[in-house]
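Undergrad: First, the structure itself, so that you have it in front of you.
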Protein chains: 2
Amino acid sequence: MKTFKNPPRTQWAELLSRPRQTKETVDTTVSGIFEDVRQNGDTAISRYTTIFDGVEVKDPRVTAGEIQAASQALPPSLKAAIKQAKAAIEQFHLAQRSEVVKVYTAEGVCCWQEKRPIQKVGLYIPGGTAPLFSTVLMLAVPAQLAGCQEIVLVSPPDRLGKIHPAILYAAGLCGVTTVLAMGGIQAIAGLTFGTSSCPQVYKIFGPGNQFVTAAKQLATRYGVAIDMPAGPSELLVLADQTARPDFIAADLLSQAEHGADSQVILLSTAAGISEAVAQEISSQLQVLPRKEIAAKALENSKSIQVKDKETALELVNVYGPEHLILCTDDNDFYKEGLINAGSVFIGNYSPESAGDYASGTNHTLPTNGYSKAYSGVNLDAFLKAISFQEISEEGILNIGPAIETMAEAEGLQAHKNAVSIRLKNLQID
Amino acid sequence: MKTFKNPPRTQWAELLSRPRQTKETVDTTVSGIFEDVRQNGDTAISRYTTIFDGVEVKDPRVTAGEIQAASQALPPSLKAAIKQAKAAIEQFHLAQRSEVVKVYTAEGVCCWQEKRPIQKVGLYIPGGTAPLFSTVLMLAVPAQLAGCQEIVLVSPPDRLGKIHPAILYAAGLCGVTTVLAMGGIQAIAGLTFGTSSCPQVYKIFGPGNQFVTAAKQLATRYGVAIDMPAGPSELLVLADQTARPDFIAADLLSQAEHGADSQVILLSTAAGISEAVAQEISSQLQVLPRKEIAAKALENSKSIQVKDKETALELVNVYGPEHLILCTDDNDFYKEGLINAGSVFIGNYSPESAGDYASGTNHTLPTNGYSKAYSGVNLDAFLKAISFQEISEEGILNIGPAIETMAEAEGLQAHKNAVSIRLKNLQID
């Protein structure tokens with residue numbers, strides 16, 4: 001970790017800058033595959049699966065039998081842990097349900113908002129060395145609670161053309177309606193246009209590499225919504241003298257093992273923390289299976305010491321970390337002043353990995369500073385709000401004249417007429 | 001209007017199809033202007049203003065003095081109407097505030113979600129013949145209620161380089177912090193990258209033509225969020241024998257006058273309505289100032305008669321109209337079964353123009369079928385949710401083992417360690 005003491009504000013932007021991604025080259029690849037899948041459907045998807053995943057998949061659809069078999073392939077302890085996590089995630093997301101509130105904005109003018117599930121959603125689960133079944137829980141649980149009718153899960157096949165049993169088990173548990181062994185750009189294109197095997201969906205969720213992210217962003221050009229753009233995972237730990245260097249080191253390493261491009265920042269308001277944590281890191285790092293990846297991520301990470309709480313809070317808000325751990329003697333101060341962050345972990349016994357798996361909060365969160373404008377995935381991400389208004393004769397008499405005046409001033413005479421014809425009718429009666 | 005009686009389901013997709021937009025040519029123009037503004041800032045914006053708006057604007061910033069003068073230029077009746085509408089919009093959006101709900105997902109594991117304002121937002125107000133000051137209310141009122149710190153309004157200048165006084169008046173009334181006389185792609189690029197005169201923002205709102213929409217979508221590639229993609233405005237009126245043909249005709253015309261590409265659909269479950277409405281339309285059309293535009297839109301519009309309520313409801317949900325008027329003897333049936341729509345107007349005295357101006361609901365709504373995945377603009381559009389968790393020693397003892405099991409199964413040893421080191425510490429104590 002590189003260490004910085006009281007860096008001047010003018011250096012913050014540089015200090016907190018994230019790695020830039022190369023947009024143009026990615027875009028050409030993505031557009032090409034989209035066009036191919038749009039024209040050639042499953043044939044094109046199968047071709048790209050062979051190229052990118054190195055396996056020929058004749059039919060990407062995973063059968064109910066395969067999902068049942070997956071359950072038998074897993075150790076009972078893992079199934080119990082997954083069920084425990086699912087229950088916590090359900091409980092947290094259920095509490096996000098909102099009541100319908102009817103408002104009379106004038107006598108006879110009743111307005112309200114109601115939420116409805118997005119009927120067809122696509123969930124992208126990355127493949128690779130680790131089977132991210134926890135992400136299945138994070139996306140499928142709120143989708144099911146919201147009442148989404150079709151929940152389509154796509155995930156790249158392994159070298160044998162299969163999806164890991166833990167992913168299939170979690171999908172079965174959470175009401176996923178279709179599971180398809182397809183990944184990458186071609187899977188996002190499949191969900192965008194629909195093919196014989198892949199249903200077309202209205203919104204696509206889930207993490208992925210820069211190709212998947214660019215594909216999701218292109219999908220929005222074809223009318224499909226997405227949860228948010230993704231980027232490398234991030235953690236900022238804010239610590240003072242009450243924090244435990246060994247715990248902090250473990251948290252920073254848990255973030256660093258995600259990938260060489262993971263962003264890790266230690267921010268402290270007291271002297272000596274940086275050194276103590278650095279020492280803990282070097283001893284804990286040695287025993288990690290993914291130590292090469294973690295070491296690489298730590299090379300680019302920063303330890304920043306600032307002079308007071310106010311400065312620390314300001315720096316956090318400028319950065320807008322995906323994950324924020326607060327280990328200080330005044331966590332309330334930070335909590336109240338916090339504006340930009342994805343998910344916050346308060347106190348010495350709230351490790352970031354709790355939110356990754358089993359505390360109940362969602363781990364699909366805005367990275368790359370997107371917390372300044374985006375929420376993490378929550379129940380609302382699977383719903384949309386419809387507004388309603390019911391206006392009585394009295395109501396239109398109350399607001400009609402204002403509408404007429406405004407419509408006329410905007411030069412929209414037919415808008416005015418739609419009110420005038422009703423007002424006239426009421427005056428004659 | 002073209003009339004269709006009981007069209008078979010196989011024809012629905014064709015019947016309800018929206019006009020396609022040409023993506024590629026627009027994209028090249030948009031990327032070029034973005035790059036220019038990124039490199040040359042205000043100089044580039046000023047150049048495009050001269051080209052597209054036909055006027056040289058030396059400094060796009062509108063002063064506080066100009067905003068005050070705008071107030072004096074407006075008739076008191078219009079100012080009163082704007083204030084009445086503002087109060088209704090405030091009341092409706094205030095009711096959308098959500099409470100913080102703390103959930104214990106296990107003993108000692110407390111999780112909750114809190115919302116925070118997006119600090120910097122950009123509001124795009126189209127120019128053209130009609131000054132859309134009502135859109136200023138629809139965007140700036142919820143931005144101010146949410147607590148957004150910087151509210152930047154951009155709108156193209158007229159031939160004299162000015163913004164219409166009604167727009168300036170509404171901006172002043174609703175706490176807009178910066179007003180800039182710039183529009184089109186160059187204004188969206190300015191909000192995306194920031195220039196000397198234009199602050200960089202985190203989220204861009206507001207309607208616009210296909211160039212502005214493409215520019216907003218490109219902005220998302222640079223980390224800026226947007227409210228939703230826009231498209232031509234739409235209205236579907238669902239009527240039975242209890243509806244009034246003269247009211248319906250007025251509503252359809254109010255939609256049709258927006259533009260030649262406006263989408264207008266009359267859906268009925270009873271014979272004779274289509275004919276009665278058509279007759280009313282032809283007599284009401286004659287007196288409209290924008291009758292050429294409205295007549296053009298009506299050429300492409302459809303009148304569809306179906307055999308029963310169930311079919312009508314299904315068709316509405318397949319289409320997902322931006323605006324839906326319900327004038328039937330069983331509006332509750334439709335209300336309850338409704339899944340896809342932007343804003344709904346119930347009963348004979350709820351014209352669509354009420355929602356455009358003064359009922360209190362928002363008029364920035366998903367068109368083009370986007371209601372299947374997107375909400376209209378509401379208070380939440382200016383907020384983002386942060387999740388929090390506070391886990392006690394007891395809490396980590398309760399959920400720690402499940403986290404360890406899951407992290408291990410995902411091959412993320414450092415994630416497991418972050419929990420193990422805490423559990424070990426508690427067992428030693």
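Ligands are numbered from 1 in the order shown, residues from 1 within each chain, and chains are lettered A, B, ... in the order they appear in the structure tokens.
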Identify, on the basis of only C-alpha atoms, every residue whose closest approach to A:Ser155 does not exceed 7 Å; exclude the query and any residue fewer than 6 positions from it along the same chain; express the result as a list in words.
TA: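 Listing them by chain and then by number gives Tyr124, Ile125, Pro126, Gly127, Ile163, Leu180, Ala181, Met182 and Gly183 of chain A.
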Undergrad: When you look at stretch 392-407 of chain A with a cut-off of 8 Å (counting only C-alpha atoms), what residues show up, excluding the ones that are within fewer than 6 positions of it in the same chain? I need them as a PyMOL selection string.
TA: (chain A and resi 106-109+413+415-417+419-420+422-423+426) or (chain B and resi 77-78+80-82+84-85+134+347+349-350+353-354+357-359)
Undergrad: From a DSSP pass on the backbone, collect the residues of stretch 182-272 of chain B flagged as helix (DSSP H, G or I) and hand them back as an mmCIF file with N, CA, C and O atoms, in the first residue's frame.
TA:
data_model
loop_
_atom_site.group_PDB
_atom_site.id
_atom_site.type_symbol
_atom_site.label_atom_id
_atom_site.label_comp_id
_atom_site.auth_asym_id
_atom_site.auth_seq_id
_atom_site.Cartn_x
_atom_site.Cartn_y
_atom_site.Cartn_z
ATOM 1 N N GLY B 184 -29.602 20.711 -26.782
ATOM 2 C CA GLY B 184 -29.144 19.674 -27.693
ATOM 3 C C GLY B 184 -28.033 18.806 -27.133
ATOM 4 O O GLY B 184 -27.792 18.765 -25.918
ATOM 5 N N ILE B 185 -27.369 18.120 -28.033
ATOM 6 C CA ILE B 185 -26.301 17.194 -27.656
ATOM 7 C C ILE B 185 -25.215 17.914 -26.857
ATOM 8 O O ILE B 185 -24.691 17.396 -25.872
ATOM 9 N N GLN B 186 -24.896 19.143 -27.287
ATOM 10 C CA GLN B 186 -23.788 19.863 -26.645
ATOM 11 C C GLN B 186 -24.081 20.159 -25.173
ATOM 12 O O GLN B 186 -23.159 20.148 -24.336
ATOM 13 N N ALA B 187 -25.339 20.382 -24.825
ATOM 14 C CA ALA B 187 -25.679 20.637 -23.423
ATOM 15 C C ALA B 187 -25.525 19.359 -22.593
ATOM 16 O O ALA B 187 -25.021 19.398 -21.465
ATOM 17 N N ILE B 188 -25.963 18.236 -23.154
ATOM 18 C CA ILE B 188 -25.813 16.959 -22.439
ATOM 19 C C ILE B 188 -24.323 16.641 -22.264
ATOM 20 O O ILE B 188 -23.894 16.172 -21.194
ATOM 21 N N ALA B 189 -23.528 16.933 -23.282
ATOM 22 C CA ALA B 189 -22.077 16.715 -23.174
ATOM 23 C C ALA B 189 -21.481 17.618 -22.098
ATOM 24 O O ALA B 189 -20.625 17.188 -21.313
ATOM 25 N N GLY B 190 -21.956 18.859 -22.038
ATOM 26 C CA GLY B 190 -21.479 19.791 -21.007
ATOM 27 C C GLY B 190 -21.764 19.266 -19.610
ATOM 28 O O GLY B 190 -20.896 19.275 -18.730
ATOM 29 N N LEU B 191 -22.979 18.776 -19.383
ATOM 30 C CA LEU B 191 -23.346 18.229 -18.074
ATOM 31 C C LEU B 191 -22.542 16.968 -17.759
ATOM 32 O O LEU B 191 -22.293 16.649 -16.596
ATOM 33 N N THR B 192 -22.149 16.245 -18.795
ATOM 34 C CA THR B 192 -21.403 14.993 -18.599
ATOM 35 C C THR B 192 -19.953 15.245 -18.196
ATOM 36 O O THR B 192 -19.428 14.613 -17.281
ATOM 37 N N PHE B 193 -19.300 16.184 -18.887
ATOM 38 C CA PHE B 193 -17.874 16.405 -18.638
ATOM 39 C C PHE B 193 -17.599 17.624 -17.756
ATOM 40 O O PHE B 193 -16.542 17.718 -17.145
ATOM 41 N N GLN B 210 -34.656 12.744 -30.522
ATOM 42 C CA GLN B 210 -33.839 11.533 -30.570
ATOM 43 C C GLN B 210 -32.347 11.821 -30.406
ATOM 44 O O GLN B 210 -31.596 10.957 -29.939
ATOM 45 N N PHE B 211 -31.898 13.030 -30.728
ATOM 46 C CA PHE B 211 -30.486 13.374 -30.531
ATOM 47 C C PHE B 211 -30.177 13.528 -29.049
ATOM 48 O O PHE B 211 -29.164 13.046 -28.551
ATOM 49 N N VAL B 212 -31.062 14.218 -28.346
ATOM 50 C CA VAL B 212 -30.881 14.397 -26.903
ATOM 51 C C VAL B 212 -30.939 13.044 -26.195
ATOM 52 O O VAL B 212 -30.147 12.763 -25.290
ATOM 53 N N THR B 213 -31.870 12.187 -26.619
ATOM 54 C CA THR B 213 -31.986 10.866 -26.014
ATOM 55 C C THR B 213 -30.718 10.046 -26.245
ATOM 56 O O THR B 213 -30.191 9.426 -25.314
ATOM 57 N N ALA B 214 -30.213 10.062 -27.473
ATOM 58 C CA ALA B 214 -28.977 9.325 -27.761
ATOM 59 C C ALA B 214 -27.814 9.903 -26.960
ATOM 60 O O ALA B 214 -26.950 9.165 -26.472
ATOM 61 N N ALA B 215 -27.815 11.228 -26.786
ATOM 62 C CA ALA B 215 -26.744 11.870 -26.002
ATOM 63 C C ALA B 215 -26.825 11.441 -24.543
ATOM 64 O O ALA B 215 -25.805 11.147 -23.910
ATOM 65 N N LYS B 216 -28.043 11.373 -24.000
ATOM 66 C CA LYS B 216 -28.198 10.921 -22.617
ATOM 67 C C LYS B 216 -27.700 9.482 -22.476
ATOM 68 O O LYS B 216 -27.048 9.132 -21.497
ATOM 69 N N GLN B 217 -28.016 8.658 -23.470
ATOM 70 C CA GLN B 217 -27.573 7.263 -23.372
ATOM 71 C C GLN B 217 -26.052 7.163 -23.466
ATOM 72 O O GLN B 217 -25.437 6.339 -22.796
ATOM 73 N N LEU B 218 -25.438 8.029 -24.274
ATOM 74 C CA LEU B 218 -23.972 8.022 -24.338
ATOM 75 C C LEU B 218 -23.385 8.505 -23.011
ATOM 76 O O LEU B 218 -22.350 8.007 -22.559
ATOM 77 N N ALA B 219 -24.059 9.459 -22.378
ATOM 78 C CA ALA B 219 -23.584 9.976 -21.086
ATOM 79 C C ALA B 219 -23.416 8.851 -20.067
ATOM 80 O O ALA B 219 -22.500 8.885 -19.242
ATOM 81 N N THR B 220 -24.282 7.838 -20.143
ATOM 82 C CA THR B 220 -24.183 6.730 -19.175
ATOM 83 C C THR B 220 -22.860 5.981 -19.337
ATOM 84 O O THR B 220 -22.379 5.363 -18.406
ATOM 85 N N ARG B 221 -22.282 6.041 -20.536
ATOM 86 C CA ARG B 221 -20.988 5.382 -20.744
ATOM 87 C C ARG B 221 -19.866 6.124 -20.029
ATOM 88 O O ARG B 221 -18.779 5.592 -19.865
ATOM 89 N N TYR B 222 -20.111 7.352 -19.654
ATOM 90 C CA TYR B 222 -19.109 8.131 -18.928
ATOM 91 C C TYR B 222 -19.467 8.241 -17.447
ATOM 92 O O TYR B 222 -19.007 9.149 -16.755
ATOM 93 N N PRO B 245 -67.909 10.249 -25.895
ATOM 94 C CA PRO B 245 -67.112 10.399 -27.124
ATOM 95 C C PRO B 245 -66.488 11.785 -27.281
ATOM 96 O O PRO B 245 -65.369 11.901 -27.789
ATOM 97 N N ASP B 246 -67.190 12.846 -26.841
ATOM 98 C CA ASP B 246 -66.611 14.193 -26.987
ATOM 99 C C ASP B 246 -65.390 14.381 -26.089
ATOM 100 O O ASP B 246 -64.393 14.987 -26.496
ATOM 101 N N PHE B 247 -65.454 13.826 -24.854
ATOM 102 C CA PHE B 247 -64.295 13.916 -23.949
ATOM 103 C C PHE B 247 -63.125 13.107 -24.527
ATOM 104 O O PHE B 247 -61.977 13.561 -24.542
ATOM 105 N N ILE B 248 -63.433 11.898 -24.975
ATOM 106 C CA ILE B 248 -62.370 11.041 -25.521
ATOM 107 C C ILE B 248 -61.698 11.719 -26.707
ATOM 108 O O ILE B 248 -60.461 11.726 -26.820
ATOM 109 N N ALA B 249 -62.509 12.271 -27.588
ATOM 110 C CA ALA B 249 -61.950 12.942 -28.767
ATOM 111 C C ALA B 249 -61.003 14.056 -28.345
ATOM 112 O O ALA B 249 -59.900 14.204 -28.898
ATOM 113 N N ALA B 250 -61.409 14.833 -27.333
ATOM 114 C CA ALA B 250 -60.557 15.928 -26.852
ATOM 115 C C ALA B 250 -59.248 15.397 -26.280
ATOM 116 O O ALA B 250 -58.175 15.973 -26.495
ATOM 117 N N ASP B 251 -59.320 14.265 -25.566
ATOM 118 C CA ASP B 251 -58.100 13.679 -24.986
ATOM 119 C C ASP B 251 -57.167 13.161 -26.075
ATOM 120 O O ASP B 251 -55.959 13.369 -26.021
ATOM 121 N N LEU B 252 -57.751 12.469 -27.047
ATOM 122 C CA LEU B 252 -56.919 11.932 -28.131
ATOM 123 C C LEU B 252 -56.250 13.078 -28.890
ATOM 124 O O LEU B 252 -55.066 13.001 -29.253
ATOM 125 N N LEU B 253 -56.975 14.146 -29.109
ATOM 126 C CA LEU B 253 -56.403 15.296 -29.814
ATOM 127 C C LEU B 253 -55.304 15.978 -28.995
ATOM 128 O O LEU B 253 -54.316 16.460 -29.540
ATOM 129 N N SER B 254 -55.478 16.004 -27.668
ATOM 130 C CA SER B 254 -54.451 16.653 -26.838
ATOM 131 C C SER B 254 -53.141 15.879 -26.954
ATOM 132 O O SER B 254 -52.056 16.462 -26.918
ATOM 133 N N GLN B 255 -53.246 14.581 -27.116
ATOM 134 C CA GLN B 255 -52.036 13.793 -27.318
ATOM 135 C C GLN B 255 -51.491 13.999 -28.726
ATOM 136 O O GLN B 255 -50.289 14.159 -28.926
ATOM 137 N N ALA B 256 -52.402 14.017 -29.700
ATOM 138 C CA ALA B 256 -51.985 14.095 -31.101
ATOM 139 C C ALA B 256 -51.276 15.408 -31.426
ATOM 140 O O ALA B 256 -50.409 15.454 -32.295
#
Undergrad: Running DSSP on the backbone, which parts of stretch 69-290 of chain B land in strand (DSSP E), as a ChimeraX atom specification?
TA: /B:103-106,109-117,120-124,150-154,178-180,203-205,225-226,234-239,263-268
Undergrad: Which polymer residues have any atom within 10 Å of an atom of B:Lys58, counting only C-alpha atoms, with same-chain residues fewer than 6 positions away left out, as a PDB file with N, CA, C and O atoms, in the first residue's frame?
TA:
ATOM      1  N   ASP B  42     -16.533  25.000 -23.237  1.00  0.00           N
ATOM      2  CA  ASP B  42     -17.476  26.051 -23.615  1.00  0.00           C
ATOM      3  C   ASP B  42     -17.324  26.531 -25.059  1.00  0.00           C
ATOM      4  O   ASP B  42     -18.321  26.895 -25.699  1.00  0.00           O
ATOM      5  N   THR B  43     -16.082  26.531 -25.561  1.00  0.00           N
ATOM      6  CA  THR B  43     -15.868  26.969 -26.939  1.00  0.00           C
ATOM      7  C   THR B  43     -16.648  26.077 -27.903  1.00  0.00           C
ATOM      8  O   THR B  43     -17.306  26.570 -28.834  1.00  0.00           O
ATOM      9  N   SER B  46     -20.492  26.650 -27.514  1.00  0.00           N
ATOM     10  CA  SER B  46     -20.897  27.898 -28.158  1.00  0.00           C
ATOM     11  C   SER B  46     -20.961  27.732 -29.681  1.00  0.00           C
ATOM     12  O   SER B  46     -21.887  28.220 -30.341  1.00  0.00           O
ATOM     13  N   GLY B 161     -31.058  34.477 -28.246  1.00  0.00           N
ATOM     14  CA  GLY B 161     -30.114  33.966 -27.257  1.00  0.00           C
ATOM     15  C   GLY B 161     -30.695  33.838 -25.859  1.00  0.00           C
ATOM     16  O   GLY B 161     -29.973  33.645 -24.885  1.00  0.00           O
TER      17      GLY B 161
END
Undergrad: Name the residues in contact with B:Gly360 at a cut-off of 12 Å, using only C-alpha atoms, excluding same-chain residues fewer than 6 positions from it; report them as a PyMOL selection string.
TA: (chain A and resi 102-106+109-113+387-391+399+403) or (chain B and resi 82-95+134+137-138+141-142+343+353-354+378)
Undergrad: For a test of reading the model, state the distance in Å between atom CA of A:Gly122 and atom CA of A:Ile204, rounded to one decimal.
TA: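 Atom CA of A:Ile204 lies 4.6 Å from atom CA of A:Gly122.
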Undergrad: Give me the residues within 12 Å of stretch 307-317 of chain A as a PyMOL selection string, counting only C-alpha atoms and dropping any in the same chain fewer than 3 places off.
TA: (chain A and resi 4-13+15-16+235-240+265-271+304+320-326+328-342+344+369-372) or (chain B and resi 116+118-119)
Undergrad: B:Pro351, B:Pro157, B:Pro366, B:Pro76: which is nearest chain A, counting only C-alpha atoms?
TA: B:Pro351
Undergrad: So that I can check the surroundings of A:Arg18, please list as a list in words every protein, DNA and RNA residue that reaches within 10 Å of it, counting only C-alpha atoms and ignoring chain neighbours fewer than 5 positions away.
TA: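 So, after excluding close chain neighbours, the residues are Ala13, Gly231, Pro232, Glu234, Asp261, Ser262, Gln263, Tyr319, Thr367, Asn368 and Gly369 of chain A.
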Undergrad: Calculated over only C-alpha atoms, which of the candidates A:Ser31, A:Gln72, A:Thr242, A:Thr361 has the smallest distance to chain B?
TA: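 Of A:Ser31, A:Gln72, A:Thr242, A:Thr361, the one nearest chain B is A:Thr361, counting only C-alpha atoms.
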Undergrad: Give the answer as one residue: which of A:Asp158, A:Glu56, A:Glu299, A:Glu114 has the shortest atom-to-atom distance to chain B, using only C-alpha atoms?
TA: A:Glu114
Undergrad: Return the single residue from A:Val277, A:Asp27, A:Cys198, A:Asn209 that is closest to chain B, with distances computed using only C-alpha atoms.
TA: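 Closest to chain B, using only C-alpha atoms: A:Asp27.
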Undergrad: Distance atom CA of A:Ile45-atom CA of A:His164, one decimal place?
TA: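 Going from atom CA of A:Ile45 over to atom CA of A:His164, I get 19.9 Å.
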